[in-house]
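Chemist: Got a structure for you, questions after.
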Amino acid sequence: MTIDALTSPTLKHLRARWWNDDFTEFLAETLRPRPGNRILDVGCGEGTAELRLGRLHVSQIRLVGIDLAIERVAVARQQTVAHNQRVGFAAADARRLPFRAGVFDSTYCVAVLQHLGDVDAAVGECARVTAAGGRVLAVEPDNQARYFYASTPSGAAASDASARFFGALAAARGDVIDAAVGPRLPTLFVRHGIEPIEVRLFPVSRTRLGAPPADLWSRRRDSVAHAIEQTPAEAVRELGREYLGRLAAYEAEAGQAGSAFVEIQNTMLFATVGQKTE
């Protein structure tokens with residue numbers, strides 16, 4: 001599983017990198033796919049879940065995925081077709097799902113709600129489209145509780161600069177991020193007629209021992225530079241340039257530390273399983 005708080009303040013767009021076989025098994029165990037079932041993936045991204053579930057070879061299940069980004073839906077469709085999987089995809093908003101009430105046997109979303117301005121509406125829609133007795137699964141982090149440690153002083157300074165830059169960038173874009181949605185999911189479920197059954201925790205972590213390779217620093221710089229280019233706000237660009245300076249100092253200190261260097265990152269995914277009561 002891979003994360004990097006120095007290139008993203010959340011797990012957004014990292015779905016394929018931390019998804020592993022254990023998580024696929026948990027998903028299948030939770031959703032309980034049976035022949036003839038209709039299963040909805042809210043925020044399917046590029047089709048990671050559909051490809052993984054397709055490998056389980058459950059006959060006659062109908063997988064459907066929606067995502068707000070048309071380009072991601074197109075990639076998901078191409079990938080599943082390439083693997084001879086029949087999956088329905090559509091570009092749609094999680095807060096206004098284009099389906100009839102009770103049409104799905106199971107509904108799930110992974111690392112999606114944290115990026116929505118109206119999480120309550122999205123959970124309500126997941127409940128609405130799920131049949132009575134069906135399963136609802138939401139997997140989200142608590143990004144406020146992300147852990148970052150570096151053995152050099154400049155690491156903490158780079159991490160702080162990263163938080164300032166990405167926070168200002170999100171504000172300039174008008175992004176609304178519910179950073180701590182993960183542990184709040186059971187309460188949201190109950191509000192919409194979903195009985196919580198289980199909350200399972202999945203750690204997402206990365207430890208680096210010894211000075212990181214040059215390509216890691218290059219990827220970090222490129223990510224920040226690209227973000228700077230995407231904002232018209234000079235104040236945000238200035239924070240980005242300050243962050244790049246902190247990142248350069250961190251790279252230099254890490255190189256000097258050599259084998260004594262360590263960097264540890266960790267966050268936690270809260271997987272809440274519920275059952276639609278009526």
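Chain labels run A, B, ... following the order of the structure tokens; each chain numbers its residues from 1, and ligands are numbered from 1 in the order shown.
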List every residue of segment 152-225 of chain A that has an atom at most 8 Å from any atom of segment 257-260 of chain A, giving for each one its closest atom pair and the distance in Å to one decimal, counting only C-alpha atoms, sorted by chain and then by ascending residue number, as CSV.

Modeler:
```
residue,atom,partner,partner_atom,distance
A:Thr152,CA,A:Ala257,CA,7.9
A:Leu209,CA,A:Ser259,CA,6.8
A:Gly210,CA,A:Ser259,CA,4.0
A:Ala211,CA,A:Gly258,CA,5.0
```

Chemist: Let's have the selection written as a short mmCIF file (atom, residue, chain, number, x, y, z; two decimals), in the first residue's frame, with N, CA and C atoms.

Modeler:
```cif
data_model
loop_
_atom_site.label_atom_id
_atom_site.label_comp_id
_atom_site.auth_asym_id
_atom_site.auth_seq_id
_atom_site.Cartn_x
_atom_site.Cartn_y
_atom_site.Cartn_z
N THR A 152 14.88 13.72 9.90
CA THR A 152 15.60 14.98 9.74
C THR A 152 14.65 16.15 10.01
N LEU A 209 13.47 3.40 4.54
CA LEU A 209 14.72 3.33 5.28
C LEU A 209 15.87 3.65 4.34
N GLY A 210 16.75 4.54 4.76
CA GLY A 210 17.83 4.98 3.88
C GLY A 210 17.36 6.09 2.97
N ALA A 211 18.29 6.85 2.45
CA ALA A 211 17.95 8.00 1.59
C ALA A 211 17.11 7.55 0.40
#
```

Chemist: Run DSSP on the backbone of this structure and report the residues of segment 28-231 of chain A it assigns to strand (DSSP E), as a count of residues only.

Modeler: 55

Chemist: Could you work out how far atom CA of Asn20 of chain A lies from atom CA of Gly182 of chain A, giving the answer in Å with one decimal?

Modeler: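 Computing it gives 19.5 Å between the two atoms.
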
Chemist: Rank nothing, just name the residue among A:Arg164, A:Arg32, A:Arg246, A:His83 nearest to Ser8 of chain A, using only C-alpha atoms.

Modeler: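 Closest candidate: A:Arg164.
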
Chemist: Contacts of Arg86 of chain A at 8 Å or less, counting only C-alpha atoms, minus same-chain residues fewer than 2 places along, as a list in words?

Modeler: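 Returned residues: Arg62, Leu63, Thr80, Val81, Asn84 and Gly88 of chain A.
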
Chemist: Output as a PDB file with C-alpha atoms, in the first residue's frame all residues of segment 12-185 of chain A that backbone DSSP marks as alpha helix (DSSP H).

Modeler:
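Everything below was put into out-v5.pdb:
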```pdb
ATOM      1  CA  ARG A  15      -7.100   3.970  -5.104  1.00  0.00           C
ATOM      2  CA  ALA A  16      -5.253   1.545  -7.378  1.00  0.00           C
ATOM      3  CA  ARG A  17      -2.001   1.891  -5.441  1.00  0.00           C
ATOM      4  CA  TRP A  18      -3.206   0.738  -2.042  1.00  0.00           C
ATOM      5  CA  ASP A  21      -5.944  -8.896  -2.531  1.00  0.00           C
ATOM      6  CA  ASP A  22      -6.911  -8.736   1.150  1.00  0.00           C
ATOM      7  CA  PHE A  23      -9.092  -5.728   0.478  1.00  0.00           C
ATOM      8  CA  THR A  24     -10.710  -7.465  -2.505  1.00  0.00           C
ATOM      9  CA  GLU A  25     -11.527 -10.458  -0.309  1.00  0.00           C
ATOM     10  CA  PHE A  26     -13.057  -8.142   2.280  1.00  0.00           C
ATOM     11  CA  LEU A  27     -15.140  -6.452  -0.407  1.00  0.00           C
ATOM     12  CA  ALA A  28     -16.463  -9.760  -1.717  1.00  0.00           C
ATOM     13  CA  GLU A  29     -17.120 -11.063   1.795  1.00  0.00           C
ATOM     14  CA  THR A  30     -19.014  -7.878   2.644  1.00  0.00           C
ATOM     15  CA  LEU A  31     -21.045  -7.497  -0.546  1.00  0.00           C
ATOM     16  CA  THR A  48     -10.033  -1.046 -10.029  1.00  0.00           C
ATOM     17  CA  ALA A  49     -12.845  -2.683  -8.054  1.00  0.00           C
ATOM     18  CA  GLU A  50     -14.604  -4.004 -11.149  1.00  0.00           C
ATOM     19  CA  LEU A  51     -11.423  -5.668 -12.392  1.00  0.00           C
ATOM     20  CA  ARG A  52     -10.766  -7.194  -8.979  1.00  0.00           C
ATOM     21  CA  LEU A  53     -14.320  -8.453  -8.453  1.00  0.00           C
ATOM     22  CA  GLY A  54     -14.422  -9.795 -12.003  1.00  0.00           C
ATOM     23  CA  ILE A  70     -16.034  11.266 -17.697  1.00  0.00           C
ATOM     24  CA  GLU A  71     -12.383  10.574 -18.508  1.00  0.00           C
ATOM     25  CA  ARG A  72     -12.092   8.077 -15.633  1.00  0.00           C
ATOM     26  CA  VAL A  73     -15.298   6.359 -16.716  1.00  0.00           C
ATOM     27  CA  ALA A  74     -13.834   5.998 -20.220  1.00  0.00           C
ATOM     28  CA  VAL A  75     -10.658   4.395 -18.849  1.00  0.00           C
ATOM     29  CA  ALA A  76     -12.683   2.033 -16.631  1.00  0.00           C
ATOM     30  CA  ARG A  77     -14.779   0.944 -19.609  1.00  0.00           C
ATOM     31  CA  GLN A  78     -11.686   0.310 -21.746  1.00  0.00           C
ATOM     32  CA  GLN A  79      -9.978  -1.704 -19.028  1.00  0.00           C
ATOM     33  CA  THR A  80     -12.921  -3.963 -18.289  1.00  0.00           C
ATOM     34  CA  VAL A  81     -13.575  -4.577 -21.984  1.00  0.00           C
ATOM     35  CA  ALA A  82      -9.916  -5.508 -22.394  1.00  0.00           C
ATOM     36  CA  VAL A 119     -21.697  13.651   2.361  1.00  0.00           C
ATOM     37  CA  ASP A 120     -25.131  13.260   3.927  1.00  0.00           C
ATOM     38  CA  ALA A 121     -26.819  13.469   0.514  1.00  0.00           C
ATOM     39  CA  ALA A 122     -24.460  10.867  -0.966  1.00  0.00           C
ATOM     40  CA  VAL A 123     -25.075   8.389   1.867  1.00  0.00           C
ATOM     41  CA  GLY A 124     -28.801   9.000   1.448  1.00  0.00           C
ATOM     42  CA  GLU A 125     -28.569   8.191  -2.252  1.00  0.00           C
ATOM     43  CA  CYS A 126     -26.634   4.982  -1.549  1.00  0.00           C
ATOM     44  CA  ALA A 127     -29.400   3.981   0.839  1.00  0.00           C
ATOM     45  CA  ARG A 128     -32.152   4.917  -1.611  1.00  0.00           C
ATOM     46  CA  VAL A 129     -30.881   2.794  -4.513  1.00  0.00           C
ATOM     47  CA  PRO A 153      14.277  18.400  10.911  1.00  0.00           C
ATOM     48  CA  SER A 154      13.593  19.532   7.354  1.00  0.00           C
ATOM     49  CA  GLY A 155      11.118  16.679   6.949  1.00  0.00           C
ATOM     50  CA  ALA A 156       8.702  18.203   9.439  1.00  0.00           C
ATOM     51  CA  ALA A 157       9.138  21.599   7.792  1.00  0.00           C
ATOM     52  CA  ALA A 158       8.371  20.091   4.368  1.00  0.00           C
ATOM     53  CA  SER A 159       5.300  18.321   5.745  1.00  0.00           C
ATOM     54  CA  ASP A 160       3.996  21.574   7.271  1.00  0.00           C
ATOM     55  CA  ALA A 161       4.637  23.456   4.017  1.00  0.00           C
ATOM     56  CA  SER A 162       2.809  20.711   2.126  1.00  0.00           C
ATOM     57  CA  ALA A 163      -0.258  21.071   4.355  1.00  0.00           C
ATOM     58  CA  ARG A 164      -0.302  24.865   3.920  1.00  0.00           C
ATOM     59  CA  PHE A 165       0.073  24.666   0.149  1.00  0.00           C
ATOM     60  CA  PHE A 166      -2.503  21.940  -0.495  1.00  0.00           C
ATOM     61  CA  GLY A 167      -4.929  23.549   1.941  1.00  0.00           C
ATOM     62  CA  ALA A 168      -4.671  26.884   0.147  1.00  0.00           C
ATOM     63  CA  LEU A 169      -4.927  25.152  -3.213  1.00  0.00           C
ATOM     64  CA  ALA A 170      -8.148  23.391  -2.182  1.00  0.00           C
ATOM     65  CA  ALA A 171      -9.615  26.667  -0.899  1.00  0.00           C
ATOM     66  CA  ALA A 172      -8.717  28.469  -4.133  1.00  0.00           C
ATOM     67  CA  ARG A 173     -10.449  25.761  -6.155  1.00  0.00           C
ATOM     68  CA  LEU A 185     -19.891   6.776   8.851  1.00  0.00           C
TER      69      LEU A 185
END
```

Chemist: Would you mind telling me which residue in A:Tyr108, A:Phe270, A:Phe189, A:Phe148 lies nearest to Leu6 of chain A when using only C-alpha atoms?

Modeler: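 Nearest to Leu6 of chain A: A:Phe148.
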
Chemist: Residues within 7 Å of segment 34-38 of chain A, please, as a list in words. Count only C-alpha atoms; anything in the same chain fewer than 3 positions from it doesn't count.

Modeler: Val58, Ser59, Gln60, Ile61, Arg62, Leu63, Phe104, Asp105 and Ser106 of chain A

Chemist: Hey, can you check how far atom CA of Ile66 of chain A sits from atom CA of Leu97 of chain A?

Modeler: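 If I compute the distance from atom CA of Ile66 of chain A to atom CA of Leu97 of chain A, I get 8.5 Å.
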
Chemist: Tell me which protein, DNA and RNA residues are within 8 Å of Gln114 of chain A, counting only C-alpha atoms, leaving out same-chain ones fewer than 2 positions away, and put them as a list in words.

Modeler: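 Near neighbours after the sequence-gap exclusion: Ala111, Val112, Leu116, Val119, Glu140, Pro141, Ile177, Asp178, Ala179, Ala180, Val181 and Gly182 of chain A.
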
Chemist: Taking only C-alpha atoms into account, name the residue in A:Gln275, A:Gly134, A:Ala235, A:Ala214 that is nearest to Glu198 of chain A.

Modeler: A:Gln275

Chemist: Rank nothing, just name the residue among A:Arg55, A:Pro196, A:Gly43, A:Cys109 nearest to Ala92 of chain A, using only C-alpha atoms.

Modeler: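 The closest residue to Ala92 of chain A is A:Gly43.
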
Chemist: Would you mind telling me which residue in A:Lys276, A:Arg220, A:His57, A:Arg206 lies nearest to Tyr149 of chain A when using only C-alpha atoms?

Modeler: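 Of the candidates, the smallest distance to Tyr149 of chain A is held by A:Arg206.
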
Chemist: Considering only C-alpha atoms, can you say which of A:Ser223, A:Thr7, A:Asn143, A:Asn266 comes closest to Ser205 of chain A?

Modeler: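 So, comparing all the options, the nearest one is A:Asn266.
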